[in-house]
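Trainee: Just so it is clear, I am handing over coords19.cif, which has mmCIF, C-alpha atoms and all ligand atoms.
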data_final
loop_
_atom_site.group_PDB
_atom_site.id
_atom_site.type_symbol
_atom_site.label_atom_id
_atom_site.label_comp_id
_atom_site.auth_asym_id
_atom_site.auth_seq_id
_atom_site.Cartn_x
_atom_site.Cartn_y
_atom_site.Cartn_z
ATOM 1 C CA MET A 280 -85.032 -83.207 -38.419
ATOM 2 C CA GLU A 281 -87.078 -80.018 -38.831
ATOM 3 C CA LYS A 282 -88.510 -78.606 -35.602
ATOM 4 C CA SER A 283 -92.299 -78.561 -35.644
ATOM 5 C CA ALA A 284 -94.544 -76.117 -33.845
ATOM 6 C CA ILE A 285 -95.710 -77.267 -30.408
ATOM 7 C CA ASN A 286 -98.962 -75.292 -30.424
ATOM 8 C CA ARG A 287 -101.881 -75.851 -32.751
ATOM 9 C CA TYR A 288 -102.653 -72.900 -35.049
ATOM 10 C CA ARG A 289 -105.729 -71.948 -36.972
ATOM 11 C CA LEU A 290 -105.748 -70.611 -40.514
ATOM 12 C CA PRO A 291 -104.912 -66.857 -40.274
ATOM 13 C CA VAL A 292 -107.266 -65.916 -43.126
ATOM 14 C CA PRO A 293 -110.922 -66.828 -43.806
ATOM 15 C CA ARG A 294 -110.922 -70.210 -45.549
ATOM 16 C CA ASN A 295 -113.489 -69.139 -48.155
ATOM 17 C CA LEU A 296 -111.127 -66.416 -49.424
ATOM 18 C CA LEU A 297 -108.036 -68.625 -49.541
ATOM 19 C CA GLU A 298 -106.946 -69.143 -53.139
ATOM 20 C CA ARG A 299 -103.755 -71.079 -52.483
ATOM 21 C CA VAL A 300 -101.166 -71.968 -49.872
ATOM 22 C CA ASP A 301 -97.632 -71.439 -51.133
ATOM 23 C CA ARG A 302 -94.663 -72.487 -49.015
ATOM 24 C CA THR A 303 -91.902 -72.458 -51.612
ATOM 25 C CA SER A 304 -92.337 -69.900 -54.434
ATOM 26 C CA SER A 305 -91.092 -66.843 -52.584
ATOM 27 C CA PRO A 306 -87.328 -66.327 -52.880
ATOM 28 C CA ALA A 307 -87.488 -64.957 -49.309
ATOM 29 C CA HIS A 308 -88.480 -68.359 -47.899
ATOM 30 C CA ALA A 309 -84.930 -69.536 -47.280
ATOM 31 C CA GLY A 310 -82.600 -69.810 -44.332
ATOM 32 C CA ASN A 311 -84.405 -68.972 -41.102
ATOM 33 C CA LEU A 312 -87.548 -68.176 -43.151
ATOM 34 C CA ARG A 313 -87.658 -71.664 -44.708
ATOM 35 C CA ASN A 314 -90.813 -72.579 -42.755
ATOM 36 C CA ALA A 315 -92.744 -69.425 -43.693
ATOM 37 C CA ILE A 316 -96.062 -69.844 -45.469
ATOM 38 C CA ASP A 317 -97.740 -67.536 -47.989
ATOM 39 C CA PHE A 318 -101.528 -67.510 -48.001
ATOM 40 C CA ILE A 319 -102.678 -66.204 -51.363
ATOM 41 C CA VAL A 320 -105.786 -64.091 -50.759
ATOM 42 C CA PRO A 321 -107.256 -60.865 -52.190
ATOM 43 C CA GLU A 322 -105.979 -57.530 -50.951
ATOM 44 C CA ASN A 323 -107.854 -56.286 -47.842
ATOM 45 C CA THR A 324 -108.714 -59.796 -46.664
ATOM 46 C CA LEU A 325 -109.047 -59.970 -42.874
ATOM 47 C CA VAL A 326 -106.008 -61.313 -41.030
ATOM 48 C CA LEU A 327 -106.896 -63.452 -38.002
ATOM 49 C CA ALA A 328 -104.865 -64.353 -34.919
ATOM 50 C CA ALA A 329 -103.685 -67.938 -35.389
ATOM 51 C CA ALA A 330 -103.892 -68.721 -31.665
ATOM 52 C CA ASN A 331 -104.507 -67.060 -28.302
ATOM 53 C CA GLY A 332 -101.685 -64.772 -27.247
ATOM 54 C CA ILE A 333 -100.304 -61.323 -26.526
ATOM 55 C CA VAL A 334 -99.387 -58.808 -29.226
ATOM 56 C CA THR A 335 -95.673 -57.986 -29.051
ATOM 57 C CA TYR A 336 -95.052 -55.898 -32.172
ATOM 58 C CA VAL A 337 -97.182 -53.752 -34.470
ATOM 59 C CA LYS A 338 -95.952 -51.806 -37.473
ATOM 60 C CA ASP A 339 -98.535 -50.441 -39.885
ATOM 61 C CA ASP A 340 -97.217 -47.023 -40.955
ATOM 62 C CA SER A 341 -95.418 -48.164 -44.095
ATOM 63 C CA ILE A 342 -96.966 -47.110 -47.397
ATOM 64 C CA ILE A 343 -94.642 -48.802 -49.882
ATOM 65 C CA GLY A 344 -93.883 -52.249 -51.230
ATOM 66 C CA GLY A 345 -93.360 -54.263 -54.369
ATOM 67 C CA PRO A 346 -91.426 -57.027 -56.101
ATOM 68 C CA ASN A 347 -87.966 -55.852 -55.103
ATOM 69 C CA PRO A 348 -85.865 -56.685 -52.012
ATOM 70 C CA ILE A 349 -85.221 -52.965 -51.513
ATOM 71 C CA TYR A 350 -88.664 -52.953 -49.868
ATOM 72 C CA TRP A 351 -87.737 -55.680 -47.332
ATOM 73 C CA ASN A 352 -87.768 -53.413 -44.271
ATOM 74 C CA PHE A 353 -90.946 -51.611 -45.314
ATOM 75 C CA THR A 354 -93.284 -54.478 -44.477
ATOM 76 C CA ASN A 355 -96.115 -53.741 -42.071
ATOM 77 C CA PHE A 356 -96.412 -56.585 -39.604
ATOM 78 C CA VAL A 357 -97.782 -57.878 -36.317
ATOM 79 C CA THR A 358 -96.267 -60.457 -34.001
ATOM 80 C CA ILE A 359 -98.099 -62.395 -31.296
ATOM 81 C CA MET A 360 -96.529 -64.315 -28.423
ATOM 82 C CA HIS A 361 -98.136 -67.693 -27.719
ATOM 83 C CA ALA A 362 -97.613 -70.525 -25.260
ATOM 84 C CA ASN A 363 -94.442 -72.606 -25.403
ATOM 85 C CA GLU A 364 -92.272 -69.622 -26.398
ATOM 86 C CA GLU A 365 -93.683 -69.660 -29.916
ATOM 87 C CA TYR A 366 -94.593 -66.489 -31.822
ATOM 88 C CA SER A 367 -96.607 -65.909 -34.964
ATOM 89 C CA ARG A 368 -95.865 -63.161 -37.437
ATOM 90 C CA TYR A 369 -98.090 -61.662 -40.142
ATOM 91 C CA ASP A 370 -96.478 -59.584 -42.943
ATOM 92 C CA HIS A 371 -97.285 -57.212 -45.843
ATOM 93 C CA LEU A 372 -100.277 -55.770 -43.953
ATOM 94 C CA ALA A 373 -102.245 -52.870 -45.375
ATOM 95 C CA THR A 374 -101.268 -49.376 -44.271
ATOM 96 C CA GLN A 375 -102.854 -48.377 -40.951
ATOM 97 C CA SER A 376 -105.006 -51.516 -40.921
ATOM 98 C CA SER A 377 -103.916 -52.802 -37.516
ATOM 99 C CA LYS A 378 -106.770 -53.481 -35.081
ATOM 100 C CA VAL A 379 -104.487 -54.336 -32.146
ATOM 101 C CA LYS A 380 -101.859 -52.706 -29.932
ATOM 102 C CA VAL A 381 -98.685 -53.986 -28.324
ATOM 103 C CA GLY A 382 -99.544 -55.705 -25.039
ATOM 104 C CA GLN A 383 -103.096 -56.513 -26.071
ATOM 105 C CA VAL A 384 -104.422 -59.996 -25.323
ATOM 106 C CA VAL A 385 -105.950 -61.571 -28.432
ATOM 107 C CA SER A 386 -108.000 -64.684 -29.010
ATOM 108 C CA GLU A 387 -107.643 -67.259 -31.743
ATOM 109 C CA GLY A 388 -109.593 -66.075 -34.790
ATOM 110 C CA GLN A 389 -109.668 -62.424 -33.709
ATOM 111 C CA GLU A 390 -109.251 -59.837 -36.479
ATOM 112 C CA ILE A 391 -105.841 -58.176 -36.200
ATOM 113 C CA ALA A 392 -105.333 -56.376 -39.551
ATOM 114 C CA ARG A 393 -105.891 -56.587 -43.295
ATOM 115 C CA VAL A 394 -103.812 -57.938 -46.164
ATOM 116 C CA GLY A 395 -101.830 -55.329 -48.071
ATOM 117 C CA MET A 396 -98.842 -54.946 -50.374
ATOM 118 C CA THR A 397 -96.212 -53.410 -48.090
ATOM 119 C CA GLY A 398 -92.648 -54.681 -48.053
ATOM 120 C CA TYR A 399 -91.041 -57.136 -50.465
ATOM 121 C CA THR A 400 -94.017 -58.807 -52.127
ATOM 122 C CA PHE A 401 -94.974 -59.814 -55.655
ATOM 123 C CA HIS A 402 -98.746 -60.019 -55.256
ATOM 124 C CA PRO A 403 -101.345 -59.673 -52.502
ATOM 125 C CA HIS A 404 -100.922 -62.402 -49.897
ATOM 126 C CA LEU A 405 -100.400 -62.920 -46.190
ATOM 127 C CA HIS A 406 -96.891 -63.999 -45.271
ATOM 128 C CA PHE A 407 -97.204 -66.076 -42.098
ATOM 129 C CA GLN A 408 -94.587 -67.662 -39.930
ATOM 130 C CA VAL A 409 -94.386 -69.316 -36.536
ATOM 131 C CA PHE A 410 -91.013 -68.682 -34.954
ATOM 132 C CA ILE A 411 -88.932 -68.874 -31.815
ATOM 133 C CA PHE A 412 -86.397 -66.271 -30.734
ATOM 134 C CA THR A 413 -82.754 -67.315 -30.716
ATOM 135 C CA ARG A 414 -81.692 -63.959 -29.211
ATOM 136 C CA THR A 415 -83.598 -60.656 -29.085
ATOM 137 C CA ASN A 416 -83.497 -58.834 -32.450
ATOM 138 C CA ILE A 417 -86.777 -59.459 -34.276
ATOM 139 C CA TRP A 418 -85.162 -58.962 -37.700
ATOM 140 C CA ILE A 419 -82.397 -61.543 -37.352
ATOM 141 C CA ASP A 420 -82.504 -63.509 -34.091
ATOM 142 C CA PHE A 421 -85.200 -66.080 -34.793
ATOM 143 C CA ASP A 422 -85.845 -69.404 -36.387
ATOM 144 C CA THR A 423 -89.088 -70.489 -37.997
ATOM 145 C CA VAL A 424 -90.694 -73.776 -37.034
ATOM 146 C CA SER A 425 -92.784 -76.020 -39.227
ATOM 147 C CA VAL A 426 -96.592 -75.821 -39.245
ATOM 148 C CA GLN A 427 -98.061 -78.528 -41.468
ATOM 149 C CA ASP A 428 -101.760 -78.498 -40.541
ATOM 150 C CA PHE A 429 -104.114 -75.783 -39.424
ATOM 151 C CA ILE A 430 -107.258 -75.970 -37.316
ATOM 152 C CA SER A 431 -110.146 -74.922 -39.493
HETATM 153 ZN ZN ZN A 501 -93.714 -65.148 -47.533
#
Starting from the coordinates I provided, produce the structure as structure tokens.

Mentor:
Amino acid sequence: MEKSAINRYRLPVPRNLLERVDRTSSPAHAGNLRNAIDFIVPENTLVLAAANGIVTYVKDDSIIGGPNPIYWNFTNFVTIMHANEEYSRYDHLATQSSKVKVGQVVSEGQEIARVGMTGYTFHPHLHFQVFIFTRTNIWIDFDTVSVQDFIS
């Protein structure tokens, strides 16, 4: 039985700009990323905090990306810690688009960055995942949990 998120999350992009929700097309959505969700939106779309929380990681200095796994570690991303030991993560962010800092308290719906094309990505979209840590390394020690519905 797949573990589902405990918290309720809102859509991390403006609904009127959302072209499509894609959970399965990306070859990266396997293993511990099997519950990741791609929100297909135009480049530079605002990225919104999916729930109240505290920012725990910000990387936005990468300038490269594209449709090749060699770019995997060049993704710009933000993570937010929420209640119930759940975290949300937002990937492929535009270079130097972060509006938040590590340790900052953020509210659901708050602008945190913009959609870009950094990291391993085929087209502009927001890669979103809710995860729990299994140990401490953010690159490998986590498991994603299922989010089926979003608060609009
Ligand atoms: Zn993805």

Trainee: Considering all atoms listed in the file, return as a PyMOL selection string whatever protein or nucleic-acid residues lie within 7 Å of region 407-418 of chain A, sequence-local ones (same chain, fewer than 6 positions apart) excluded.

Mentor: chain A and resi 314-317+364-370+424

Trainee: List the spatial neighbours of region 283-287 of chain A as an MDAnalysis selection string - criterion: any atom at most 7 Å away, all atoms listed in the file, same-chain residues fewer than 2 positions off excluded.

Mentor: chainID A and resid 281 289 363 424:426

Trainee: Excluding region 373-379 of chain A and any residue of its chain fewer than 5 positions from it, enumerate the residues within 8 Å of it, using all atoms listed in the file, and give them as a PDB file with C-alpha atoms, in the coordinates of the input.

Mentor:
ATOM      1  CA  ASN A 323    -107.854 -56.286 -47.842  1.00  0.00           C
ATOM      2  CA  VAL A 334     -99.387 -58.808 -29.226  1.00  0.00           C
ATOM      3  CA  VAL A 337     -97.182 -53.752 -34.470  1.00  0.00           C
ATOM      4  CA  ASP A 339     -98.535 -50.441 -39.885  1.00  0.00           C
ATOM      5  CA  ASP A 340     -97.217 -47.023 -40.955  1.00  0.00           C
ATOM      6  CA  SER A 341     -95.418 -48.164 -44.095  1.00  0.00           C
ATOM      7  CA  ILE A 342     -96.966 -47.110 -47.397  1.00  0.00           C
ATOM      8  CA  ASN A 355     -96.115 -53.741 -42.071  1.00  0.00           C
ATOM      9  CA  GLU A 390    -109.251 -59.837 -36.479  1.00  0.00           C
ATOM     10  CA  ILE A 391    -105.841 -58.176 -36.200  1.00  0.00           C
ATOM     11  CA  ALA A 392    -105.333 -56.376 -39.551  1.00  0.00           C
ATOM     12  CA  ARG A 393    -105.891 -56.587 -43.295  1.00  0.00           C
ATOM     13  CA  VAL A 394    -103.812 -57.938 -46.164  1.00  0.00           C
ATOM     14  CA  GLY A 395    -101.830 -55.329 -48.071  1.00  0.00           C
ATOM     15  CA  MET A 396     -98.842 -54.946 -50.374  1.00  0.00           C
ATOM     16  CA  THR A 397     -96.212 -53.410 -48.090  1.00  0.00           C
TER      17      THR A 397
END

Trainee: Mind giving me the straight-line distance from CA of Asp428 (chain A) to CA of Tyr336 (chain A) in Å, one decimal?

Mentor: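 Interatomic distance here is 25.0 Å.
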
Trainee: To check your reading of the model: which residues sit at most 10 Å from ligand ZN 501 (chain A) when counting all atoms listed in the file? Write the answer as a PyMOL selection string.

Mentor: chain A and resi 301-309+312-319+369-371+399-401+404-408

Trainee: Can you spell out as a VMD selection string the set of residues that the PyMOL selection byres (((chain A and resi 296) around 9) and not hetatm) selects in the structure I just provided?

Mentor: chain A and resid 292 to 295 297 to 298 319 to 321 324

Trainee: Around all listed atoms of region 338-341 of chain A, padded 6 Å per side, what centre and edge lengths does the axis-aligned box have in Å to one decimal, as JSON?

Mentor:
{"center_x": -97.0, "center_y": -49.4, "center_z": -40.8, "size_x": 15.1, "size_y": 16.8, "size_z": 18.6}

Trainee: Given the file above and the PyMOL selection byres (((chain A and resi 327) around 7) and not hetatm), which residues are selected, and can you give them as a PyMOL selection string?

Mentor: chain A and resi 291-292+325-326+328-329+388-391

Trainee: With C-alpha atoms retained, export the selected residues as a tab-separated table (two decimals), keeping the file's coordinate frame.

Mentor:
chain	number	residue	atom	x	y	z
A	291	PRO	CA	-104.91	-66.86	-40.27
A	292	VAL	CA	-107.27	-65.92	-43.13
A	325	LEU	CA	-109.05	-59.97	-42.87
A	326	VAL	CA	-106.01	-61.31	-41.03
A	328	ALA	CA	-104.86	-64.35	-34.92
A	329	ALA	CA	-103.68	-67.94	-35.39
A	388	GLY	CA	-109.59	-66.08	-34.79
A	389	GLN	CA	-109.67	-62.42	-33.71
A	390	GLU	CA	-109.25	-59.84	-36.48
A	391	ILE	CA	-105.84	-58.18	-36.20

Trainee: Given the file shown, enumerate the residues that the PyMOL selection byres (((chain A and resi 381) around 10) and not hetatm) captures and present them as an MDAnalysis selection string.

Mentor: chainID A and resid 333:338 357:359 379:380 382:384

Trainee: Between CA of Ser386 (chain A) and CA of Arg299 (chain A), what distance in Å does the model show, to one decimal?

Mentor: 24.7 Å

Trainee: Could you check the closest approach to Phe353 (chain A) for each of A:Lys282, A:Glu387, A:Pro403, A:Gly398 and tell me which residue wins, using all atoms listed in the file?

Mentor: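 Among A:Lys282, A:Glu387, A:Pro403, A:Gly398, it is A:Gly398 that comes nearest to Phe353 (chain A).
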
Trainee: Work out how far apart CA of Gly310 (chain A) and CA of Asp420 (chain A) are and give it in Å to one decimal.

Mentor: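 Rounded to one decimal, the two atoms are 12.0 Å apart.
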